[in-house]
Amino acid sequence: MVQCKELVKSGKLKMDEFIKQLLKDSGVSDDMDAAVREQLQKDLTDRLTDFLNKRIVESMDEKTLAEFEQVIDQNGDDAAKIQTFIEQNVANREQIAASAILEFRALYLGDKA
């Protein structure tokens with residue numbers, strides 16, 4: 001299993017690696033059609049990204065959230081500015097991400113976790 005500490009480094013996630021391991025842990029066959037596997041990996045990556053974003057936003061206090069909404073409204077297409085805001089205003093973002101990754105894994109695997 002990919003360790004969460006390895007996944008969360010400098011705010012960057014090794015998502016592909018994590019998703020591949022998650023599929024393996026869930027029992028998805030290695031001989032699955034490549035196109036189907038690729039789509040499944042993409043879908044899971046999107047779901048994990050949404051889950052992480054949700055947990056980061058939920059961690060913000062009202063003032064920070066209001067400022068974040070302004071950043072989104074003004075820079076919605078600029079991922080770098082959004083990331084910079086999070087890095088500067090969410091002190092425990094790596095802990096939140098690690099916790100969210102574990103939660104996502106447990107939810108996805110259910111009884112297999």
# chains A, B, ... in the order shown; residues from 1 in each chain; ligands from 1

$ residues_around --residues "Glu69 of chain A" --least-positions-apart "5" --cutoff "12 Å" --atoms "only C-alpha atoms" --output "NGL selection string"
:A and (57 or 60 or 62-64 or 74-76 or 82 or 85-86)

$ write_last_selection --atoms "N, CA and C atoms" --output "PDB file, in the first residue's frame"
ATOM      1  N   VAL A  57     -11.904  22.767   1.806  1.00  0.00           N
ATOM      2  CA  VAL A  57     -12.870  23.865   1.956  1.00  0.00           C
ATOM      3  C   VAL A  57     -13.599  23.755   3.290  1.00  0.00           C
ATOM      4  N   MET A  60     -11.889  25.356   6.323  1.00  0.00           N
ATOM      5  CA  MET A  60     -11.710  26.810   6.391  1.00  0.00           C
ATOM      6  C   MET A  60     -12.719  27.454   7.337  1.00  0.00           C
ATOM      7  N   GLU A  62     -14.933  30.843   8.533  1.00  0.00           N
ATOM      8  CA  GLU A  62     -15.811  31.686   7.701  1.00  0.00           C
ATOM      9  C   GLU A  62     -15.043  32.793   6.969  1.00  0.00           C
ATOM     10  N   LYS A  63     -14.107  33.419   7.655  1.00  0.00           N
ATOM     11  CA  LYS A  63     -13.339  34.510   7.043  1.00  0.00           C
ATOM     12  C   LYS A  63     -12.492  33.980   5.886  1.00  0.00           C
ATOM     13  N   THR A  64     -11.795  32.888   6.120  1.00  0.00           N
ATOM     14  CA  THR A  64     -10.946  32.303   5.078  1.00  0.00           C
ATOM     15  C   THR A  64     -11.793  31.831   3.908  1.00  0.00           C
ATOM     16  N   GLN A  74     -12.498  35.601  -8.841  1.00  0.00           N
ATOM     17  CA  GLN A  74     -11.593  36.437  -9.624  1.00  0.00           C
ATOM     18  C   GLN A  74     -10.592  35.642 -10.454  1.00  0.00           C
ATOM     19  N   ASN A  75     -10.296  34.419 -10.033  1.00  0.00           N
ATOM     20  CA  ASN A  75      -9.231  33.634 -10.678  1.00  0.00           C
ATOM     21  C   ASN A  75      -9.655  32.195 -10.923  1.00  0.00           C
ATOM     22  N   GLY A  76     -10.903  31.984 -11.237  1.00  0.00           N
ATOM     23  CA  GLY A  76     -11.451  30.636 -11.365  1.00  0.00           C
ATOM     24  C   GLY A  76     -10.670  29.690 -12.254  1.00  0.00           C
ATOM     25  N   ILE A  82      -5.088  29.728  -6.983  1.00  0.00           N
ATOM     26  CA  ILE A  82      -5.924  29.018  -6.011  1.00  0.00           C
ATOM     27  C   ILE A  82      -5.045  28.191  -5.085  1.00  0.00           C
ATOM     28  N   PHE A  85      -3.230  30.388  -2.618  1.00  0.00           N
ATOM     29  CA  PHE A  85      -4.112  30.814  -1.533  1.00  0.00           C
ATOM     30  C   PHE A  85      -4.221  29.715  -0.484  1.00  0.00           C
ATOM     31  N   ILE A  86      -4.433  28.499  -0.921  1.00  0.00           N
ATOM     32  CA  ILE A  86      -4.569  27.375   0.012  1.00  0.00           C
ATOM     33  C   ILE A  86      -3.277  27.190   0.806  1.00  0.00           C
TER      34      ILE A  86
END

$ closest_residue --among "A:Ala80, A:Ala66, A:Ile72, A:Ile56" --to "Arg93 of chain A" --atoms "only C-alpha atoms"
A:Ile56

$ atom_distance --atom1 "atom CA of Met32 of chain A" --atom2 "atom CA of Leu109 of chain A"
18.4 Å

$ select_by_dssp --residues "segment 8-106 of chain A" --states "alpha helix (DSSP H)" --output "ChimeraX atom specification"
/A:15-26,34-59,62-75,79-89,93-106

$ closest_residue --among "A:Phe51, A:Phe68, A:Lys42, A:Gly110" --to "Thr84 of chain A" --atoms "only C-alpha atoms"
A:Phe68

$ residues_around --residues "Asp16 of chain A" --least-positions-apart "6" --cutoff "12 Å" --atoms "only C-alpha atoms" --output "list in words"
Val2, Leu7, Leu22, Leu23, Glu38, Leu40, Gln41, Lys42, Asp43, Leu44, Thr45, Asp46, Leu48 and Thr49 of chain A

$ write_last_selection --atoms "N, CA and C atoms" --output "PDB file, in the first residue's frame"
ATOM      1  N   VAL A   2       0.515   2.224  -0.785  1.00  0.00           N
ATOM      2  CA  VAL A   2       1.225   3.499  -0.830  1.00  0.00           C
ATOM      3  C   VAL A   2       0.937   4.234   0.475  1.00  0.00           C
ATOM      4  N   LEU A   7       2.316  10.252  -0.178  1.00  0.00           N
ATOM      5  CA  LEU A   7       1.358  10.878  -1.091  1.00  0.00           C
ATOM      6  C   LEU A   7       1.313  12.386  -0.925  1.00  0.00           C
ATOM      7  N   LEU A  22      -5.060   1.524  -5.126  1.00  0.00           N
ATOM      8  CA  LEU A  22      -6.437   1.397  -4.653  1.00  0.00           C
ATOM      9  C   LEU A  22      -7.201   0.374  -5.488  1.00  0.00           C
ATOM     10  N   LEU A  23      -7.020   0.436  -6.791  1.00  0.00           N
ATOM     11  CA  LEU A  23      -7.667  -0.545  -7.672  1.00  0.00           C
ATOM     12  C   LEU A  23      -7.167  -1.950  -7.374  1.00  0.00           C
ATOM     13  N   GLU A  38      -8.138   2.573 -17.783  1.00  0.00           N
ATOM     14  CA  GLU A  38      -7.770   3.989 -17.889  1.00  0.00           C
ATOM     15  C   GLU A  38      -8.940   4.891 -17.492  1.00  0.00           C
ATOM     16  N   LEU A  40     -11.482   4.056 -15.572  1.00  0.00           N
ATOM     17  CA  LEU A  40     -11.713   3.855 -14.143  1.00  0.00           C
ATOM     18  C   LEU A  40     -10.711   4.665 -13.318  1.00  0.00           C
ATOM     19  N   GLN A  41      -9.453   4.665 -13.742  1.00  0.00           N
ATOM     20  CA  GLN A  41      -8.436   5.457 -13.046  1.00  0.00           C
ATOM     21  C   GLN A  41      -8.750   6.950 -13.127  1.00  0.00           C
ATOM     22  N   LYS A  42      -9.186   7.406 -14.286  1.00  0.00           N
ATOM     23  CA  LYS A  42      -9.537   8.816 -14.451  1.00  0.00           C
ATOM     24  C   LYS A  42     -10.715   9.187 -13.552  1.00  0.00           C
ATOM     25  N   ASP A  43     -11.737   8.331 -13.544  1.00  0.00           N
ATOM     26  CA  ASP A  43     -12.910   8.594 -12.711  1.00  0.00           C
ATOM     27  C   ASP A  43     -12.543   8.648 -11.229  1.00  0.00           C
ATOM     28  N   LEU A  44     -11.727   7.701 -10.790  1.00  0.00           N
ATOM     29  CA  LEU A  44     -11.323   7.688  -9.383  1.00  0.00           C
ATOM     30  C   LEU A  44     -10.446   8.892  -9.041  1.00  0.00           C
ATOM     31  N   THR A  45      -9.586   9.286  -9.954  1.00  0.00           N
ATOM     32  CA  THR A  45      -8.753  10.468  -9.734  1.00  0.00           C
ATOM     33  C   THR A  45      -9.627  11.711  -9.589  1.00  0.00           C
ATOM     34  N   ASP A  46     -10.624  11.838 -10.443  1.00  0.00           N
ATOM     35  CA  ASP A  46     -11.549  12.978 -10.351  1.00  0.00           C
ATOM     36  C   ASP A  46     -12.305  12.956  -9.025  1.00  0.00           C
ATOM     37  N   LEU A  48     -11.360  11.500  -6.185  1.00  0.00           N
ATOM     38  CA  LEU A  48     -10.447  11.800  -5.089  1.00  0.00           C
ATOM     39  C   LEU A  48     -10.134  13.293  -5.046  1.00  0.00           C
ATOM     40  N   THR A  49      -9.915  13.891  -6.191  1.00  0.00           N
ATOM     41  CA  THR A  49      -9.648  15.335  -6.250  1.00  0.00           C
ATOM     42  C   THR A  49     -10.819  16.120  -5.662  1.00  0.00           C
TER      43      THR A  49
END

$ atom_distance --atom1 "atom CA of Asn53 of chain A" --atom2 "atom CA of Ile101 of chain A"
11.2 Å
